[in-house]
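Structure first, commentary second.
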Amino acid sequence: MERKRINIWWTRRDLRLHDNQALTAALSENADVVPLFILDENILDRSSPRRNEFLFENLKSLDTSLRKRGSRLILRKGKPLPVLQQVMQESGADAIFAEEDYSPYAKSRDKQISEYLPLILLPGLTIQPLSTVKKADGNPYTIFTPYSRQWEKIIQPFKEFPVPTQLGDIPPISSEPFPLSHPFPLFPAGEEAVQKRLMVFLQDRITEYSSQRDFAAKEGTSLLSPYFHFGVLSIRSAYQRAFRRQNNVSLPEEKEGVEIWINELLWREFFIMILSEFPHVAQGSFRKVYERIPWRNNEEEFNTWKTGKTGYPLVDAGMRQLLETGWMHNRTRMVVASFLCKDLLISWQRGEAWFNAQLLDGDLAANNGGWQWCAGCGTDAAPYFRVFNPITQSKRFDPDGEYIRAWLPELENVPDRYIHTPWKMPYDLQMESKCVIGKDYPDRIVEHAFARQRALDAYSKIKI
DNA sequence: TGAAATGTTGGGGCG
DNA sequence: ACGCCCCAACATTTC
């Protein structure tokens with residue numbers, strides 16, 4: 001009798017059992033599957049302790065789901081190639097199945113492994129495989145709008161891959177213990193939790209996404225990004241369900257909410273494509289000329305930005321939300337990024353590195369794309385003269401100062417009238433609100449009108 | 001997915 | 001009735 005096939009399901013950024021093409025392929029021909037995750041120092045050391053913990057939480061959850069199906073997650077530490085060689089040998093596996101990842105490190109890693117081992121890559125990191133969305137001449141898009149039009153034109157209805165009911169026997173091989181980690185109150189780990197979150201969002205909030213998403217204090221966004229980063233939630237499932245939801249709402253503003261949310265998924269896909277096609281963006285500006293911006297890079301000012309002590313309430317609230325929770329509202333991300341690049345003239349790469357060190361959803365493609373967009377040096381970038389006014393943004397998107405007060409307790413008693421501009425408070429009111437400027441809350445690090453002009457001057461110097 | 005500066009229009013107050 | 005001024009509201013241009 002012929003021996004049963006054994007396949008390794010090497011999970012990397014697809015920590016899920018639902019809609020998983022790589023896992024489905026590993027299970028074909030009735031094979032036994034060895035679920036494997038490799039703790040790769042190349043990645044873990046360059047990531048952040050907090051994001052690693054979030055990863056570990058999700059690994060534990062994946063292990064639990066696998067155990068319910070008579071399997072388990074094998075955890076190994078080390079460099080991927082030798083680890084895979086070892087596990088192949090120990091388990092007698094025939095092939096390795098994994099979801100394709102388009103980031104530079106992942107591509108070179110997988111290419112090297114393919115030279116030695118039967119590694120089969122399958123799509124799933126994006127809604128459509130990257131290679132399908134190209135310009136008529138075969139070149140990649142570099143501008144979002146035509147890219148998204150083409151994307152929508154060629155997308156076909158698809159079936160989600162079902163959750164496997166059982167994964168076969170696992171050979172008696174060893175596994176590392178799971179590293180210590182703690183739960184994140186805002187982002188409960190695991191597929192079950194995220195499925196529920198998606199359902200609630202689609203049911204209750206997505207139709208108001210267009211009108212609510214920019215208000216920093218509200219829960220107007222989906223809060224799904226950390227799950228998308230690790231593939232705990234399938235981007236395809238999320239897209240498909242949102243798309244179906246769009247077809248059963250009737251009011252135009254509700255349709256718009258869904259449409260705009262789907263558009264955000266396409267931005268993600270766009271930036272993954274950009275990083276894949278133009279990997280030099282990980283090293284510097286997409287457009288070379290922007291390497292010449294005369295950044296000031298003042299270390300002290302960079303520190304006040306990181307710790308949320310710039311004296312601009314909305315900026316500081318955002319930075320403290322990031323520091324405390326590992327997440328920041330998207331509107332504030334744009335505001336703090338504009339403030340760093342334009343008002344402080346500190347290199348977008350410094351900001352990118354800090355975000356990457358703090359964010360649970362920190363993702364090279366999206367983070368890099370977002371920062372280059374804000375700095376105005378990217379593919380489909382904001383024009384260099386687009387400088388956010390931190391006060392105007394504050395009044396517009398946190399009108400009652402609810403978000404500001406949530407993250408800046410020292411402004412708790414500042415009256416509404418001064419919540420966006422506490423430095424304008426008369427001294428006796430500062431005393432009364434227990435918020436003396438320069439003592440309880442810092443004075444502005446720089447005056448915006450001056451900083452704006454300075455940024456315009458600096459940027460215009462490098463114009464061709 | 002901006003903001004500020006500048007230009008235009010139109011209504012109301014007023015001599 | 002008329003012209004003039006002021007200014008808000010909106011539109012356009014510029015950075």
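In the structure tokens, chains take letters A, B, ... by order of appearance, with residues numbered from 1 within each chain and ligands from 1 in the order shown.
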
Within 12 Å of chain B: residues of chain A, using only C-alpha atoms (C1' of nucleotides), as a PyMOL selection string: chain A and resi 210+213-214+260+263-264+267+330-335+338+370+373-374+381-393+448-449+452-453

Counting only C-alpha atoms (C1' of nucleotides), what is within 12 Å of segment 171-183 of chain A, bar same-chain residues fewer than 5 positions away, as an MDAnalysis selection string? chainID A and resid 6:8 32:39 44 49:64 71:78 83 86:93 188:190 325

Those residues you just picked out, can you put them in a file as a CSV table (one decimal), in the first residue's frame with N, CA and C atoms?
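Contents of the output file result.csv:
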```csv
chain,number,residue,atom,x,y,z
A,6,ILE,N,2.5,13.6,2.8
A,6,ILE,CA,2.6,14.5,3.9
A,6,ILE,C,3.1,15.8,3.4
A,7,ASN,N,2.3,16.9,3.7
A,7,ASN,CA,2.7,18.2,3.2
A,7,ASN,C,2.9,19.2,4.4
A,8,ILE,N,3.9,20.0,4.3
A,8,ILE,CA,4.0,21.1,5.3
A,8,ILE,C,3.2,22.3,4.9
A,32,ASP,N,-1.7,14.3,4.7
A,32,ASP,CA,-1.6,14.7,6.1
A,32,ASP,C,-0.8,16.1,6.1
A,33,VAL,N,-1.2,17.0,6.9
A,33,VAL,CA,-0.6,18.3,6.9
A,33,VAL,C,0.1,18.6,8.2
A,34,VAL,N,1.3,19.1,8.1
A,34,VAL,CA,2.1,19.5,9.3
A,34,VAL,C,2.1,21.1,9.3
A,35,PRO,N,1.3,21.6,10.2
A,35,PRO,CA,1.3,23.1,10.3
A,35,PRO,C,2.5,23.6,11.0
A,36,LEU,N,3.2,24.5,10.3
A,36,LEU,CA,4.5,25.0,10.8
A,36,LEU,C,4.6,26.5,10.8
A,37,PHE,N,5.1,27.0,12.0
A,37,PHE,CA,5.4,28.5,12.0
A,37,PHE,C,6.9,28.6,12.4
A,38,ILE,N,7.6,29.4,11.7
A,38,ILE,CA,9.1,29.5,12.1
A,38,ILE,C,9.3,30.9,12.7
A,39,LEU,N,9.8,30.9,13.9
A,39,LEU,CA,10.2,32.1,14.6
A,39,LEU,C,11.5,32.6,13.9
A,44,LEU,N,11.8,38.8,13.5
A,44,LEU,CA,11.4,39.2,14.9
A,44,LEU,C,12.3,40.3,15.4
A,49,PRO,N,8.7,44.5,19.9
A,49,PRO,CA,8.3,43.6,20.9
A,49,PRO,C,6.8,43.5,21.0
A,50,ARG,N,6.1,44.6,20.8
A,50,ARG,CA,4.7,44.6,21.0
A,50,ARG,C,4.0,43.9,19.8
A,51,ARG,N,4.5,44.1,18.6
A,51,ARG,CA,3.9,43.4,17.5
A,51,ARG,C,4.2,41.9,17.5
A,52,ASN,N,5.4,41.6,18.0
A,52,ASN,CA,5.7,40.2,18.2
A,52,ASN,C,4.8,39.5,19.2
A,53,GLU,N,4.4,40.3,20.3
A,53,GLU,CA,3.5,39.7,21.2
A,53,GLU,C,2.1,39.4,20.6
A,54,PHE,N,1.7,40.4,19.8
A,54,PHE,CA,0.4,40.2,19.1
A,54,PHE,C,0.5,39.0,18.2
A,55,LEU,N,1.6,38.8,17.5
A,55,LEU,CA,1.8,37.6,16.7
A,55,LEU,C,1.7,36.4,17.5
A,56,PHE,N,2.4,36.3,18.7
A,56,PHE,CA,2.4,35.2,19.6
A,56,PHE,C,1.0,34.8,20.0
A,57,GLU,N,0.2,35.9,20.4
A,57,GLU,CA,-1.2,35.7,20.8
A,57,GLU,C,-2.0,35.0,19.7
A,58,ASN,N,-1.7,35.4,18.5
A,58,ASN,CA,-2.4,34.8,17.3
A,58,ASN,C,-1.9,33.4,17.0
A,59,LEU,N,-0.7,33.2,17.3
A,59,LEU,CA,-0.1,31.8,17.1
A,59,LEU,C,-0.8,30.8,18.1
A,60,LYS,N,-0.9,31.3,19.3
A,60,LYS,CA,-1.6,30.5,20.3
A,60,LYS,C,-3.0,30.1,19.9
A,61,SER,N,-3.7,31.2,19.4
A,61,SER,CA,-5.1,31.0,19.0
A,61,SER,C,-5.2,30.0,17.8
A,62,LEU,N,-4.2,30.1,16.9
A,62,LEU,CA,-4.2,29.2,15.8
A,62,LEU,C,-4.0,27.8,16.2
A,63,ASP,N,-3.1,27.6,17.2
A,63,ASP,CA,-2.8,26.3,17.7
A,63,ASP,C,-4.1,25.7,18.4
A,64,THR,N,-4.8,26.6,19.1
A,64,THR,CA,-6.0,26.1,19.7
A,64,THR,C,-7.0,25.6,18.7
A,71,SER,N,-5.2,18.5,15.2
A,71,SER,CA,-3.9,18.8,14.8
A,71,SER,C,-3.2,19.7,15.8
A,72,ARG,N,-2.1,20.4,15.4
A,72,ARG,CA,-1.5,21.4,16.3
A,72,ARG,C,-0.5,22.1,15.5
A,73,LEU,N,0.0,23.3,16.1
A,73,LEU,CA,0.9,24.1,15.4
A,73,LEU,C,2.3,23.8,15.8
A,74,ILE,N,3.2,23.4,14.9
A,74,ILE,CA,4.6,23.2,15.2
A,74,ILE,C,5.3,24.5,15.1
A,75,LEU,N,6.0,24.8,16.2
A,75,LEU,CA,6.7,26.1,16.3
A,75,LEU,C,8.2,25.8,16.3
A,76,ARG,N,9.0,26.4,15.4
A,76,ARG,CA,10.4,26.2,15.4
A,76,ARG,C,11.1,27.6,15.3
A,77,LYS,N,12.3,27.6,15.9
A,77,LYS,CA,13.1,28.8,15.9
A,77,LYS,C,14.3,28.7,15.0
A,78,GLY,N,14.7,29.7,14.3
A,78,GLY,CA,15.9,29.7,13.5
A,78,GLY,C,15.7,30.3,12.1
A,83,VAL,N,15.7,25.2,9.1
A,83,VAL,CA,14.5,24.7,9.8
A,83,VAL,C,13.6,23.8,8.9
A,86,GLN,N,15.2,20.5,8.2
A,86,GLN,CA,15.1,19.7,9.4
A,86,GLN,C,13.7,19.1,9.5
A,87,VAL,N,12.7,19.9,9.4
A,87,VAL,CA,11.3,19.5,9.6
A,87,VAL,C,10.9,18.5,8.4
A,88,MET,N,11.3,18.8,7.2
A,88,MET,CA,11.1,17.9,6.1
A,88,MET,C,11.6,16.5,6.4
A,89,GLN,N,12.8,16.5,6.9
A,89,GLN,CA,13.5,15.2,7.2
A,89,GLN,C,12.7,14.5,8.3
A,90,GLU,N,12.5,15.2,9.4
A,90,GLU,CA,11.9,14.6,10.6
A,90,GLU,C,10.5,14.1,10.3
A,91,SER,N,9.7,14.8,9.5
A,91,SER,CA,8.3,14.5,9.2
A,91,SER,C,8.2,13.6,8.0
A,92,GLY,N,9.2,13.5,7.2
A,92,GLY,CA,9.1,12.8,5.9
A,92,GLY,C,8.2,13.5,4.9
A,93,ALA,N,8.1,14.8,5.0
A,93,ALA,CA,7.1,15.5,4.2
A,93,ALA,C,7.6,15.5,2.7
A,188,PRO,N,-8.4,41.6,20.4
A,188,PRO,CA,-8.4,40.2,20.9
A,188,PRO,C,-7.9,39.3,19.7
A,189,ALA,N,-7.1,38.4,20.1
A,189,ALA,CA,-6.4,37.5,19.1
A,189,ALA,C,-7.3,36.5,18.5
A,190,GLY,N,-7.0,36.0,17.3
A,190,GLY,CA,-7.7,34.8,16.8
A,190,GLY,C,-8.8,35.1,15.8
A,325,THR,N,-1.3,52.2,22.9
A,325,THR,CA,-2.1,51.1,22.5
A,325,THR,C,-1.5,50.3,21.3
```

For Leu119 of chain A, work out the shell of residues within 9 Å, counting only C-alpha atoms (C1' of nucleotides) and skipping chain neighbours fewer than 5 positions away, then give it as a CSV table (one decimal) with N, CA and C atoms, in the first residue's frame.
```csv
chain,number,residue,atom,x,y,z
A,95,ALA,N,6.3,18.0,0.4
A,95,ALA,CA,6.4,19.4,-0.2
A,95,ALA,C,6.0,20.4,0.9
A,96,ILE,N,6.3,21.6,0.6
A,96,ILE,CA,5.9,22.7,1.5
A,96,ILE,C,5.0,23.7,0.7
A,97,PHE,N,3.9,24.0,1.4
A,97,PHE,CA,2.9,25.0,0.8
A,97,PHE,C,2.9,26.2,1.6
A,98,ALA,N,2.9,27.4,1.0
A,98,ALA,CA,2.9,28.7,1.7
A,98,ALA,C,2.2,29.7,0.9
A,110,ASP,N,12.1,33.2,-0.1
A,110,ASP,CA,11.4,32.1,-0.8
A,110,ASP,C,12.1,31.7,-2.0
A,113,ILE,N,14.9,29.4,-0.8
A,113,ILE,CA,14.4,28.1,-0.4
A,113,ILE,C,14.0,27.2,-1.5
A,114,SER,N,13.4,27.9,-2.6
A,114,SER,CA,12.9,27.1,-3.7
A,114,SER,C,14.0,26.4,-4.5
```

Taking the DSSP secondary structure from the backbone, can you list the residues of segment 209-393 of chain A that are alpha helix (DSSP H), as an MDAnalysis selection string? chainID A and resid 209:212 225:230 235:247 252:277 299:307 313:325 330:338 348:358 364:375 390:393

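Close contacts of Thr310 of chain A, defined as residues with an atom at most 7 Å away when counting only C-alpha atoms (C1' of nucleotides), with chain neighbours fewer than 5 positions off set aside, comprise Thr304, Trp305, Asp316, Pro442, Arg444 and Ile445 of chain A.
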
Hey, what's within 9 Å of Tyr290 of chain A if we count only C-alpha atoms (C1' of nucleotides) and toss same-chain stuff fewer than 4 positions away? As a ChimeraX atom specification, please? /A:284-286,376-378,459,462-463

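Note that the spacing between atom CA of Phe339 of chain A and atom CA of Lys309 of chain A amounts to 12.5 Å.
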